[in-house]
$ cat work14.txt   # compact mmCIF, N, CA and C atoms and all ligand atoms
# COMPACT_ATOMS: atom_id res chain seq x y z
N MET A 1 74.71 109.53 79.75
CA MET A 1 75.45 108.74 78.76
C MET A 1 75.56 109.53 77.45
N LYS A 2 76.71 109.49 76.86
CA LYS A 2 76.93 110.27 75.66
C LYS A 2 76.31 109.60 74.43
N ASP A 3 75.75 110.40 73.56
CA ASP A 3 75.11 109.86 72.37
C ASP A 3 76.11 109.17 71.45
N THR A 4 77.36 109.59 71.54
CA THR A 4 78.35 109.06 70.62
C THR A 4 78.77 107.64 70.98
N GLN A 5 78.43 107.19 72.20
CA GLN A 5 78.82 105.85 72.61
C GLN A 5 77.61 105.11 73.16
N PRO A 6 76.66 104.83 72.30
CA PRO A 6 75.40 104.24 72.76
C PRO A 6 75.58 102.85 73.34
N GLU A 7 76.68 102.18 73.03
CA GLU A 7 76.83 100.81 73.50
C GLU A 7 77.49 100.73 74.87
N ALA A 8 78.05 101.83 75.35
CA ALA A 8 78.68 101.82 76.67
C ALA A 8 77.61 101.72 77.73
N CYS A 9 77.76 100.74 78.62
CA CYS A 9 76.74 100.53 79.62
C CYS A 9 77.20 101.04 80.97
N ARG A 10 76.23 101.33 81.82
CA ARG A 10 76.54 101.72 83.18
C ARG A 10 76.82 100.46 83.99
N ILE A 11 77.84 100.54 84.83
CA ILE A 11 78.18 99.44 85.72
C ILE A 11 77.95 99.91 87.14
N ARG A 12 77.17 99.14 87.91
CA ARG A 12 76.86 99.57 89.27
C ARG A 12 77.38 98.61 90.34
N THR A 13 77.68 97.39 89.96
CA THR A 13 78.11 96.41 90.96
C THR A 13 79.37 95.69 90.50
N PRO A 14 80.16 95.17 91.46
CA PRO A 14 81.35 94.40 91.09
C PRO A 14 81.00 93.21 90.20
N ASP A 15 79.85 92.57 90.45
CA ASP A 15 79.48 91.42 89.63
C ASP A 15 79.24 91.80 88.18
N GLN A 16 78.64 92.97 87.97
CA GLN A 16 78.44 93.42 86.59
C GLN A 16 79.77 93.66 85.90
N LEU A 17 80.71 94.18 86.67
CA LEU A 17 82.03 94.45 86.09
C LEU A 17 82.75 93.13 85.77
N ARG A 18 82.63 92.16 86.68
CA ARG A 18 83.25 90.85 86.44
C ARG A 18 82.65 90.17 85.21
N GLU A 19 81.34 90.31 85.09
CA GLU A 19 80.66 89.72 83.95
C GLU A 19 81.20 90.31 82.65
N LEU A 20 81.44 91.61 82.70
CA LEU A 20 81.93 92.30 81.52
C LEU A 20 83.29 91.77 81.06
N VAL A 21 84.15 91.46 82.02
CA VAL A 21 85.51 91.04 81.66
C VAL A 21 85.69 89.53 81.71
N ALA A 22 84.58 88.79 81.87
CA ALA A 22 84.68 87.35 82.08
C ALA A 22 85.34 86.64 80.90
N GLN A 23 85.16 87.15 79.70
CA GLN A 23 85.77 86.50 78.55
C GLN A 23 87.18 87.02 78.38
N ARG A 24 88.11 86.22 78.83
CA ARG A 24 89.51 86.63 78.77
C ARG A 24 90.18 86.03 77.55
N PRO A 25 91.13 86.74 77.01
CA PRO A 25 91.81 86.25 75.81
C PRO A 25 92.76 85.11 76.14
N SER A 26 93.04 84.29 75.15
CA SER A 26 93.99 83.21 75.37
C SER A 26 95.35 83.56 74.78
N GLY A 27 95.37 84.42 73.80
CA GLY A 27 96.62 84.77 73.14
C GLY A 27 97.27 85.98 73.76
N PRO A 28 98.47 86.31 73.26
CA PRO A 28 99.16 87.50 73.76
C PRO A 28 98.50 88.79 73.27
N CYS A 29 98.73 89.84 74.02
CA CYS A 29 98.18 91.13 73.63
C CYS A 29 98.95 91.66 72.42
N ARG A 30 98.21 92.10 71.44
CA ARG A 30 98.86 92.66 70.25
C ARG A 30 98.44 94.11 70.03
N CYS A 31 97.94 94.74 71.06
CA CYS A 31 97.37 96.06 70.86
C CYS A 31 98.35 97.18 71.18
N GLY A 32 99.56 96.84 71.61
CA GLY A 32 100.53 97.89 71.89
C GLY A 32 100.52 98.37 73.32
N LEU A 33 99.60 97.85 74.12
CA LEU A 33 99.51 98.26 75.52
C LEU A 33 100.05 97.18 76.45
N GLN A 34 100.65 96.14 75.89
CA GLN A 34 101.02 95.00 76.72
C GLN A 34 102.06 95.33 77.78
N ARG A 35 102.85 96.37 77.53
CA ARG A 35 103.84 96.73 78.54
C ARG A 35 103.32 97.81 79.48
N CYS A 36 102.07 98.09 79.33
CA CYS A 36 101.47 99.13 80.15
C CYS A 36 101.44 98.71 81.61
N GLY A 37 101.98 99.52 82.49
CA GLY A 37 101.93 99.24 83.92
C GLY A 37 100.62 99.74 84.49
N VAL A 38 100.59 99.88 85.81
CA VAL A 38 99.37 100.33 86.46
C VAL A 38 99.27 101.85 86.38
N TRP A 39 98.28 102.29 85.71
CA TRP A 39 98.02 103.73 85.54
C TRP A 39 99.16 104.48 84.87
N ASP A 40 99.75 103.85 83.86
CA ASP A 40 100.72 104.56 83.05
C ASP A 40 100.02 105.66 82.25
N SER A 41 100.77 106.69 81.93
CA SER A 41 100.25 107.73 81.04
C SER A 41 100.32 107.23 79.61
N ILE A 42 99.21 107.28 78.93
CA ILE A 42 99.15 106.90 77.52
C ILE A 42 98.57 108.10 76.76
N SER A 43 99.39 108.70 75.93
CA SER A 43 98.92 109.88 75.20
C SER A 43 97.94 109.46 74.11
N ASP A 44 97.24 110.45 73.57
CA ASP A 44 96.32 110.15 72.47
C ASP A 44 97.03 109.50 71.30
N VAL A 45 98.29 109.87 71.11
CA VAL A 45 99.07 109.31 70.00
C VAL A 45 99.30 107.82 70.21
N ASP A 46 99.58 107.44 71.47
CA ASP A 46 99.90 106.05 71.76
C ASP A 46 98.66 105.17 72.01
N TRP A 47 97.55 105.82 72.25
CA TRP A 47 96.32 105.06 72.52
C TRP A 47 95.79 104.49 71.22
N PRO A 48 95.66 103.14 71.13
CA PRO A 48 95.23 102.52 69.87
C PRO A 48 93.72 102.65 69.66
N ALA A 49 93.28 103.88 69.43
CA ALA A 49 91.85 104.16 69.39
C ALA A 49 91.11 103.36 68.32
N ALA A 50 91.83 103.04 67.22
CA ALA A 50 91.16 102.37 66.11
C ALA A 50 90.59 101.01 66.50
N HIS A 51 91.23 100.36 67.47
CA HIS A 51 90.69 99.06 67.88
C HIS A 51 90.37 99.00 69.37
N MET A 52 90.07 100.15 69.93
CA MET A 52 89.55 100.19 71.29
C MET A 52 88.08 100.57 71.25
N HIS A 53 87.30 99.80 71.96
CA HIS A 53 85.86 99.99 71.93
C HIS A 53 85.38 100.25 73.36
N CYS A 54 84.81 101.39 73.57
CA CYS A 54 84.34 101.72 74.92
C CYS A 54 83.09 100.90 75.22
N VAL A 55 83.18 100.04 76.25
CA VAL A 55 82.07 99.14 76.55
C VAL A 55 81.34 99.49 77.84
N ALA A 56 81.95 100.31 78.67
CA ALA A 56 81.27 100.65 79.92
C ALA A 56 81.79 101.97 80.47
N ASP A 57 80.93 102.62 81.20
CA ASP A 57 81.28 103.88 81.84
C ASP A 57 81.08 103.70 83.34
N LEU A 58 82.15 103.86 84.10
CA LEU A 58 82.08 103.62 85.54
C LEU A 58 81.78 104.90 86.32
N ARG A 59 81.61 106.00 85.62
CA ARG A 59 81.32 107.26 86.29
C ARG A 59 79.83 107.36 86.61
N ASP A 60 79.54 107.91 87.75
CA ASP A 60 78.15 108.10 88.14
C ASP A 60 77.67 109.44 87.57
N PRO A 61 76.70 109.40 86.68
CA PRO A 61 76.25 110.64 86.04
C PRO A 61 75.62 111.62 87.02
N ASP A 62 75.26 111.14 88.21
CA ASP A 62 74.65 112.03 89.20
C ASP A 62 75.69 112.75 90.05
N ILE A 63 76.97 112.38 89.88
CA ILE A 63 78.02 113.00 90.68
C ILE A 63 78.89 113.87 89.78
N ALA A 64 78.84 115.17 90.00
CA ALA A 64 79.58 116.09 89.15
C ALA A 64 81.08 115.97 89.40
N GLU A 65 81.46 115.84 90.67
CA GLU A 65 82.89 115.78 91.01
C GLU A 65 83.14 114.53 91.84
N PRO A 66 83.58 113.45 91.19
CA PRO A 66 83.81 112.19 91.92
C PRO A 66 84.87 112.34 93.01
N SER A 67 84.74 111.53 94.02
CA SER A 67 85.66 111.56 95.16
C SER A 67 87.09 111.19 94.75
N PHE A 68 88.06 111.71 95.51
CA PHE A 68 89.46 111.31 95.34
C PHE A 68 89.87 110.28 96.38
N GLU A 69 88.91 109.80 97.15
CA GLU A 69 89.21 108.80 98.16
C GLU A 69 89.58 107.48 97.48
N GLU A 70 90.66 106.86 97.94
CA GLU A 70 91.08 105.59 97.37
C GLU A 70 90.72 104.45 98.32
N TYR A 71 90.75 103.22 97.80
CA TYR A 71 90.36 102.04 98.56
C TYR A 71 91.53 101.06 98.59
N HIS A 72 92.16 100.96 99.76
CA HIS A 72 93.33 100.09 99.89
C HIS A 72 93.29 99.32 101.21
N PRO A 73 92.37 98.36 101.34
CA PRO A 73 92.24 97.64 102.61
C PRO A 73 93.45 96.76 102.94
N ARG A 74 94.26 96.41 101.95
CA ARG A 74 95.39 95.53 102.21
C ARG A 74 96.73 96.23 101.99
N GLY A 75 96.76 97.52 102.23
CA GLY A 75 98.02 98.23 102.22
C GLY A 75 98.61 98.50 100.85
N THR A 76 97.82 98.36 99.81
CA THR A 76 98.31 98.68 98.47
C THR A 76 98.32 100.20 98.28
N ARG A 77 98.88 100.62 97.18
CA ARG A 77 98.90 102.03 96.84
C ARG A 77 98.31 102.22 95.44
N TYR A 78 98.14 103.49 95.09
CA TYR A 78 97.55 103.84 93.79
C TYR A 78 98.13 103.02 92.65
N SER A 79 99.46 102.89 92.62
CA SER A 79 100.11 102.26 91.47
C SER A 79 100.49 100.81 91.72
N SER A 80 100.02 100.23 92.79
CA SER A 80 100.34 98.82 93.06
C SER A 80 99.71 97.92 92.01
N ALA A 81 100.45 96.89 91.64
CA ALA A 81 99.94 95.95 90.64
C ALA A 81 98.68 95.24 91.14
N ASP A 82 98.60 95.05 92.47
CA ASP A 82 97.44 94.35 93.01
C ASP A 82 96.46 95.29 93.71
N ALA A 83 96.54 96.58 93.39
CA ALA A 83 95.57 97.52 93.96
C ALA A 83 94.17 97.16 93.48
N PRO A 84 93.21 97.15 94.41
CA PRO A 84 91.86 96.76 93.99
C PRO A 84 91.20 97.80 93.09
N VAL A 85 90.39 97.29 92.19
CA VAL A 85 89.54 98.16 91.37
C VAL A 85 88.21 98.28 92.12
N ALA A 86 87.98 99.44 92.70
CA ALA A 86 86.84 99.61 93.60
C ALA A 86 85.88 100.65 93.04
N LEU A 87 84.71 100.19 92.69
CA LEU A 87 83.69 101.08 92.16
C LEU A 87 83.37 102.18 93.17
N GLY A 88 83.29 103.39 92.71
CA GLY A 88 82.96 104.50 93.59
C GLY A 88 84.16 105.15 94.22
N TYR A 89 85.34 104.52 94.09
CA TYR A 89 86.56 105.09 94.64
C TYR A 89 87.50 105.54 93.52
N PHE A 90 88.34 106.50 93.87
CA PHE A 90 89.31 107.00 92.91
C PHE A 90 90.36 105.95 92.61
N PRO A 91 90.84 105.79 91.38
CA PRO A 91 90.34 106.49 90.18
C PRO A 91 89.28 105.73 89.40
N THR A 92 88.84 104.56 89.96
CA THR A 92 87.83 103.78 89.23
C THR A 92 86.58 104.61 88.94
N ASN A 93 86.28 105.55 89.85
CA ASN A 93 85.05 106.34 89.69
C ASN A 93 85.14 107.37 88.57
N ARG A 94 86.27 107.41 87.88
CA ARG A 94 86.40 108.32 86.73
C ARG A 94 86.68 107.56 85.44
N CYS A 95 86.58 106.24 85.50
CA CYS A 95 87.05 105.43 84.38
C CYS A 95 85.96 105.04 83.38
N GLU A 96 86.45 104.85 82.18
CA GLU A 96 85.70 104.10 81.18
C GLU A 96 86.41 102.76 81.01
N VAL A 97 85.65 101.75 80.59
CA VAL A 97 86.24 100.46 80.27
C VAL A 97 86.27 100.30 78.76
N HIS A 98 87.44 100.00 78.24
CA HIS A 98 87.59 99.80 76.80
C HIS A 98 87.99 98.37 76.53
N ARG A 99 87.37 97.79 75.50
CA ARG A 99 87.75 96.45 75.09
C ARG A 99 88.57 96.55 73.81
N CYS A 100 89.69 95.86 73.82
CA CYS A 100 90.53 95.84 72.63
C CYS A 100 89.97 94.80 71.66
N THR A 101 89.69 95.22 70.44
CA THR A 101 89.10 94.28 69.49
C THR A 101 90.15 93.34 68.90
N ARG A 102 91.42 93.59 69.18
CA ARG A 102 92.46 92.68 68.70
C ARG A 102 92.72 91.55 69.69
N CYS A 103 92.89 91.91 70.97
CA CYS A 103 93.27 90.88 71.94
C CYS A 103 92.17 90.61 72.96
N SER A 104 91.08 91.37 72.90
CA SER A 104 89.92 91.17 73.78
C SER A 104 90.19 91.50 75.24
N ARG A 105 91.36 92.05 75.55
CA ARG A 105 91.59 92.48 76.92
C ARG A 105 90.77 93.74 77.21
N HIS A 106 90.58 93.96 78.50
CA HIS A 106 89.84 95.14 78.92
C HIS A 106 90.77 96.12 79.61
N TRP A 107 90.56 97.39 79.34
CA TRP A 107 91.43 98.43 79.86
C TRP A 107 90.61 99.52 80.53
N LEU A 108 91.06 99.90 81.70
CA LEU A 108 90.47 101.04 82.38
C LEU A 108 91.20 102.29 81.91
N ARG A 109 90.45 103.36 81.72
CA ARG A 109 91.08 104.60 81.27
C ARG A 109 90.37 105.79 81.89
N TYR A 110 91.15 106.68 82.45
CA TYR A 110 90.56 107.94 82.93
C TYR A 110 91.53 109.07 82.60
N THR A 111 91.06 110.27 82.78
CA THR A 111 91.82 111.43 82.38
C THR A 111 92.09 112.35 83.56
N GLU A 112 93.36 112.69 83.75
CA GLU A 112 93.71 113.69 84.74
C GLU A 112 93.89 115.01 84.01
N PHE A 113 93.34 116.06 84.60
CA PHE A 113 93.42 117.36 83.96
C PHE A 113 94.44 118.22 84.68
N GLY A 114 95.47 118.63 83.95
CA GLY A 114 96.44 119.56 84.51
C GLY A 114 96.12 120.96 84.05
N GLY A 115 97.04 121.87 84.31
CA GLY A 115 96.80 123.25 83.94
C GLY A 115 96.68 123.44 82.44
N TYR A 116 97.59 122.82 81.69
CA TYR A 116 97.62 123.04 80.25
C TYR A 116 97.60 121.74 79.47
N TYR A 117 97.24 120.66 80.13
CA TYR A 117 97.30 119.37 79.45
C TYR A 117 96.24 118.44 80.02
N VAL A 118 95.96 117.41 79.29
CA VAL A 118 95.19 116.30 79.86
C VAL A 118 96.08 115.08 79.78
N ASP A 119 95.93 114.23 80.78
CA ASP A 119 96.82 113.08 80.94
C ASP A 119 95.94 111.84 81.05
N HIS A 120 96.01 110.98 80.04
CA HIS A 120 95.21 109.76 80.07
C HIS A 120 95.97 108.66 80.79
N ARG A 121 95.34 108.06 81.79
CA ARG A 121 95.97 106.98 82.55
C ARG A 121 95.25 105.68 82.25
N VAL A 122 96.07 104.62 82.09
CA VAL A 122 95.52 103.34 81.63
C VAL A 122 96.00 102.19 82.51
N ARG A 123 95.13 101.25 82.76
CA ARG A 123 95.47 100.05 83.51
C ARG A 123 94.64 98.90 82.96
N GLU A 124 95.26 97.71 82.86
CA GLU A 124 94.47 96.57 82.42
C GLU A 124 93.49 96.18 83.52
N LEU A 125 92.29 95.84 83.11
CA LEU A 125 91.26 95.42 84.06
C LEU A 125 91.21 93.91 84.11
N LEU A 126 91.63 93.35 85.25
CA LEU A 126 91.62 91.90 85.44
C LEU A 126 90.53 91.54 86.45
N PRO A 127 89.84 90.42 86.19
CA PRO A 127 88.72 90.05 87.08
C PRO A 127 89.14 89.94 88.53
N ASP A 128 90.34 89.40 88.80
CA ASP A 128 90.76 89.18 90.18
C ASP A 128 91.02 90.49 90.94
N SER A 129 91.17 91.58 90.22
CA SER A 129 91.46 92.84 90.89
C SER A 129 90.21 93.61 91.30
N ILE A 130 89.06 93.09 90.91
CA ILE A 130 87.82 93.82 91.19
C ILE A 130 87.41 93.60 92.64
N ALA A 131 87.29 94.68 93.39
CA ALA A 131 86.96 94.59 94.81
C ALA A 131 85.48 94.35 95.01
N ASP A 132 85.19 93.49 96.00
CA ASP A 132 83.80 93.19 96.32
C ASP A 132 83.28 94.19 97.32
N LEU A 133 82.74 95.26 96.85
CA LEU A 133 82.13 96.20 97.78
C LEU A 133 81.04 96.95 97.06
N PRO A 134 80.02 97.34 97.80
CA PRO A 134 78.94 98.07 97.14
C PRO A 134 79.40 99.47 96.80
N ALA A 135 78.91 99.99 95.70
CA ALA A 135 79.20 101.37 95.37
C ALA A 135 78.61 102.26 96.47
N PRO A 136 79.33 103.29 96.90
CA PRO A 136 78.80 104.19 97.94
C PRO A 136 77.45 104.76 97.51
N ALA A 137 76.56 104.81 98.45
CA ALA A 137 75.21 105.28 98.13
C ALA A 137 75.25 106.78 97.81
ZN ZN B 1 94.87 94.55 72.70
$ encode --input "work14.txt" --output "structure tokens"
Amino acid sequence: MKDTQPEACRIRTPDQLRELVAQRPSGPCRCGLQRCGVWDSISDVDWPAAHMHCVADLRDPDIAEPSFEEYHPRGTRYSSADAPVALGYFPTNRCEVHRCTRCSRHWLRYTEFGGYYVDHRVRELLPDSIADLPAPA
């Protein structure tokens, strides 16, 4: 865990993740990400860092290179709106969870590294999308 984010907690089970996002906002999103689709690219310029608070780290510190295996038991794809959020599977296994201090929504964020760029991908984390499965041992 990084010293700069002492409040970010490790999440190991789907229930812990659900607990984290259990408090859902009642109002509309005002953080600028409301039109964000599933795993849209959000550059550092567009990311509202001033009111995003990293609350959890879904990466396993014991795994240097997380798997690229995806979890789609019901025929969804990477960018499907109803694709499950599965701990231990790509891309959830590379994500941090950020809470917006304006609208209280939770956002998953991970970074893809290209040759000369980094690409931040963002998706809203909804409780119903969290898959019930144990993290791979
Ligand atoms: Zn917001």
$ atom_distance --input "work14.txt" --atom1 "CA of Ser79 in chain A" --atom2 "CA of Asp128 in chain A"
16.1 Å
$ select_by_dssp --input "work14.txt" --residues "chain A" --states "helix (DSSP H, G or I)" --output "list in words"
Pro14, Asp15, Gln16, Leu17, Arg18, Glu19, Leu20, Val21, Ala49, Ala50, His51, Thr92, Asn93, Arg94, Pro127, Asp128 and Ser129 of chain A
$ residues_around --input "work14.txt" --residues "range 102-109 of chain A" --least-positions-apart "5" --cutoff "7 Å" --atoms "only N, CA and C atoms" --output "MDAnalysis selection string"
chainID A and resid 21 23:31 51:52 94:97 120:126
$ atom_distance --input "work14.txt" --atom1 "atom C of Leu33 in chain A" --atom2 "atom C of Asp60 in chain A"
27.8 Å
$ residues_around --input "work14.txt" --residues "Tyr71 in chain A" --least-positions-apart "3" --cutoff "7 Å" --atoms "all atoms listed in the file" --output "PyMOL selection string"
chain A and resi 74+76+83-84+86+89-91
$ decode --input "work14.txt" --residues "range 6-111 of chain A" --atoms "C-alpha atoms" --output "PDB file, in the first residue's frame"
ATOM      1  CA  PRO A   6      -3.168   5.654   3.777  1.00  0.00           C
ATOM      2  CA  GLU A   7      -6.954   5.505   3.717  1.00  0.00           C
ATOM      3  CA  ALA A   8      -7.221   3.184   0.720  1.00  0.00           C
ATOM      4  CA  CYS A   9      -8.118  -0.251   1.979  1.00  0.00           C
ATOM      5  CA  ARG A  10      -7.510  -3.663   0.543  1.00  0.00           C
ATOM      6  CA  ILE A  11     -10.604  -5.438  -0.733  1.00  0.00           C
ATOM      7  CA  ARG A  12     -10.535  -9.228  -0.782  1.00  0.00           C
ATOM      8  CA  THR A  13     -14.149 -10.330  -1.099  1.00  0.00           C
ATOM      9  CA  PRO A  14     -17.234  -9.284  -3.087  1.00  0.00           C
ATOM     10  CA  ASP A  15     -19.020  -8.539   0.185  1.00  0.00           C
ATOM     11  CA  GLN A  16     -16.331  -6.086   1.224  1.00  0.00           C
ATOM     12  CA  LEU A  17     -16.672  -4.368  -2.112  1.00  0.00           C
ATOM     13  CA  ARG A  18     -20.469  -4.215  -1.798  1.00  0.00           C
ATOM     14  CA  GLU A  19     -20.140  -2.783   1.664  1.00  0.00           C
ATOM     15  CA  LEU A  20     -17.886  -0.090   0.291  1.00  0.00           C
ATOM     16  CA  VAL A  21     -20.409   1.047  -2.302  1.00  0.00           C
ATOM     17  CA  ALA A  22     -23.535   0.416  -0.212  1.00  0.00           C
ATOM     18  CA  GLN A  23     -24.171   4.112   0.318  1.00  0.00           C
ATOM     19  CA  ARG A  24     -25.508   5.216  -3.009  1.00  0.00           C
ATOM     20  CA  PRO A  25     -26.260   8.803  -3.891  1.00  0.00           C
ATOM     21  CA  SER A  26     -29.797  10.024  -4.376  1.00  0.00           C
ATOM     22  CA  GLY A  27     -29.025  13.008  -6.560  1.00  0.00           C
ATOM     23  CA  PRO A  28     -27.586  13.286 -10.049  1.00  0.00           C
ATOM     24  CA  CYS A  29     -23.880  13.024 -10.648  1.00  0.00           C
ATOM     25  CA  ARG A  30     -22.221  16.399 -10.784  1.00  0.00           C
ATOM     26  CA  CYS A  31     -18.642  15.261 -11.093  1.00  0.00           C
ATOM     27  CA  GLY A  32     -18.328  15.392 -14.872  1.00  0.00           C
ATOM     28  CA  LEU A  33     -18.171  11.627 -15.300  1.00  0.00           C
ATOM     29  CA  GLN A  34     -21.898  11.073 -15.636  1.00  0.00           C
ATOM     30  CA  ARG A  35     -21.671  10.344 -19.339  1.00  0.00           C
ATOM     31  CA  CYS A  36     -18.828   7.975 -18.795  1.00  0.00           C
ATOM     32  CA  GLY A  37     -19.486   4.606 -20.425  1.00  0.00           C
ATOM     33  CA  VAL A  38     -17.918   1.312 -19.477  1.00  0.00           C
ATOM     34  CA  TRP A  39     -14.162   1.657 -19.422  1.00  0.00           C
ATOM     35  CA  ASP A  40     -14.038   4.926 -21.290  1.00  0.00           C
ATOM     36  CA  SER A  41     -10.664   6.596 -21.548  1.00  0.00           C
ATOM     37  CA  ILE A  42     -10.452   9.519 -19.151  1.00  0.00           C
ATOM     38  CA  SER A  43      -7.291  11.568 -19.435  1.00  0.00           C
ATOM     39  CA  ASP A  44      -5.637  13.201 -16.457  1.00  0.00           C
ATOM     40  CA  VAL A  45      -7.061  16.494 -17.689  1.00  0.00           C
ATOM     41  CA  ASP A  46     -10.627  15.182 -17.623  1.00  0.00           C
ATOM     42  CA  TRP A  47     -10.290  13.223 -14.394  1.00  0.00           C
ATOM     43  CA  PRO A  48     -11.786  15.359 -11.586  1.00  0.00           C
ATOM     44  CA  ALA A  49      -8.937  14.592  -9.212  1.00  0.00           C
ATOM     45  CA  ALA A  50      -9.805  17.445  -6.853  1.00  0.00           C
ATOM     46  CA  HIS A  51     -12.917  15.668  -5.657  1.00  0.00           C
ATOM     47  CA  MET A  52     -11.984  12.057  -6.227  1.00  0.00           C
ATOM     48  CA  HIS A  53     -10.870  10.166  -3.177  1.00  0.00           C
ATOM     49  CA  CYS A  54      -9.181   6.812  -3.525  1.00  0.00           C
ATOM     50  CA  VAL A  55     -10.924   4.520  -1.047  1.00  0.00           C
ATOM     51  CA  ALA A  56      -9.770   1.063  -2.044  1.00  0.00           C
ATOM     52  CA  ASP A  57      -7.120  -0.772  -3.976  1.00  0.00           C
ATOM     53  CA  LEU A  58      -8.230  -3.954  -5.732  1.00  0.00           C
ATOM     54  CA  ARG A  59      -4.738  -4.969  -6.802  1.00  0.00           C
ATOM     55  CA  ASP A  60      -3.055  -7.822  -5.012  1.00  0.00           C
ATOM     56  CA  PRO A  61       0.306  -6.558  -3.757  1.00  0.00           C
ATOM     57  CA  ASP A  62       1.682 -10.100  -3.957  1.00  0.00           C
ATOM     58  CA  ILE A  63       1.071 -10.317  -7.705  1.00  0.00           C
ATOM     59  CA  ALA A  64       3.539  -8.372  -9.824  1.00  0.00           C
ATOM     60  CA  GLU A  65       1.715  -8.948 -13.116  1.00  0.00           C
ATOM     61  CA  PRO A  66      -2.050  -9.424 -12.725  1.00  0.00           C
ATOM     62  CA  SER A  67      -3.834 -11.800 -15.076  1.00  0.00           C
ATOM     63  CA  PHE A  68      -5.524 -10.627 -18.282  1.00  0.00           C
ATOM     64  CA  GLU A  69      -8.155 -13.324 -17.938  1.00  0.00           C
ATOM     65  CA  GLU A  70     -11.674 -11.890 -17.977  1.00  0.00           C
ATOM     66  CA  TYR A  71     -14.823 -13.208 -16.287  1.00  0.00           C
ATOM     67  CA  HIS A  72     -17.928 -13.378 -18.458  1.00  0.00           C
ATOM     68  CA  PRO A  73     -20.177 -16.281 -17.382  1.00  0.00           C
ATOM     69  CA  ARG A  74     -23.234 -14.770 -19.094  1.00  0.00           C
ATOM     70  CA  GLY A  75     -21.763 -13.884 -22.451  1.00  0.00           C
ATOM     71  CA  THR A  76     -20.883 -10.288 -21.692  1.00  0.00           C
ATOM     72  CA  ARG A  77     -17.792  -8.590 -23.054  1.00  0.00           C
ATOM     73  CA  TYR A  78     -15.157  -6.234 -21.674  1.00  0.00           C
ATOM     74  CA  SER A  79     -17.207  -3.146 -22.488  1.00  0.00           C
ATOM     75  CA  SER A  80     -20.680  -4.510 -21.782  1.00  0.00           C
ATOM     76  CA  ALA A  81     -22.777  -2.344 -19.500  1.00  0.00           C
ATOM     77  CA  ASP A  82     -23.663  -5.426 -17.458  1.00  0.00           C
ATOM     78  CA  ALA A  83     -20.209  -7.014 -17.449  1.00  0.00           C
ATOM     79  CA  PRO A  84     -19.503  -8.335 -13.974  1.00  0.00           C
ATOM     80  CA  VAL A  85     -16.945  -6.718 -11.730  1.00  0.00           C
ATOM     81  CA  ALA A  86     -14.937  -9.768 -10.713  1.00  0.00           C
ATOM     82  CA  LEU A  87     -12.184  -9.546  -8.157  1.00  0.00           C
ATOM     83  CA  GLY A  88      -9.008 -11.192  -9.384  1.00  0.00           C
ATOM     84  CA  TYR A  89      -9.995 -10.914 -13.041  1.00  0.00           C
ATOM     85  CA  PHE A  90      -9.024  -8.353 -15.630  1.00  0.00           C
ATOM     86  CA  PRO A  91      -9.453  -5.429 -15.442  1.00  0.00           C
ATOM     87  CA  THR A  92     -10.834  -5.389 -11.885  1.00  0.00           C
ATOM     88  CA  ASN A  93      -7.522  -6.826 -10.695  1.00  0.00           C
ATOM     89  CA  ARG A  94      -5.766  -3.609 -11.728  1.00  0.00           C
ATOM     90  CA  CYS A  95      -8.287  -1.139 -10.356  1.00  0.00           C
ATOM     91  CA  GLU A  96      -8.492   1.397  -7.650  1.00  0.00           C
ATOM     92  CA  VAL A  97     -11.881   2.483  -6.335  1.00  0.00           C
ATOM     93  CA  HIS A  98     -12.450   6.216  -6.127  1.00  0.00           C
ATOM     94  CA  ARG A  99     -15.305   7.918  -4.351  1.00  0.00           C
ATOM     95  CA  CYS A 100     -16.531  11.209  -5.706  1.00  0.00           C
ATOM     96  CA  THR A 101     -16.929  13.660  -2.850  1.00  0.00           C
ATOM     97  CA  ARG A 102     -19.536  15.601  -4.828  1.00  0.00           C
ATOM     98  CA  CYS A 103     -21.984  12.880  -5.807  1.00  0.00           C
ATOM     99  CA  SER A 104     -20.744   9.971  -3.644  1.00  0.00           C
ATOM    100  CA  ARG A 105     -20.661   7.605  -6.597  1.00  0.00           C
ATOM    101  CA  HIS A 106     -17.884   5.084  -6.818  1.00  0.00           C
ATOM    102  CA  TRP A 107     -15.628   4.720  -9.822  1.00  0.00           C
ATOM    103  CA  LEU A 108     -13.271   1.991 -10.856  1.00  0.00           C
ATOM    104  CA  ARG A 109     -10.085   3.194 -12.487  1.00  0.00           C
ATOM    105  CA  TYR A 110      -7.098   1.423 -13.929  1.00  0.00           C
ATOM    106  CA  THR A 111      -4.302   2.335 -16.261  1.00  0.00           C
TER     107      THR A 111
END
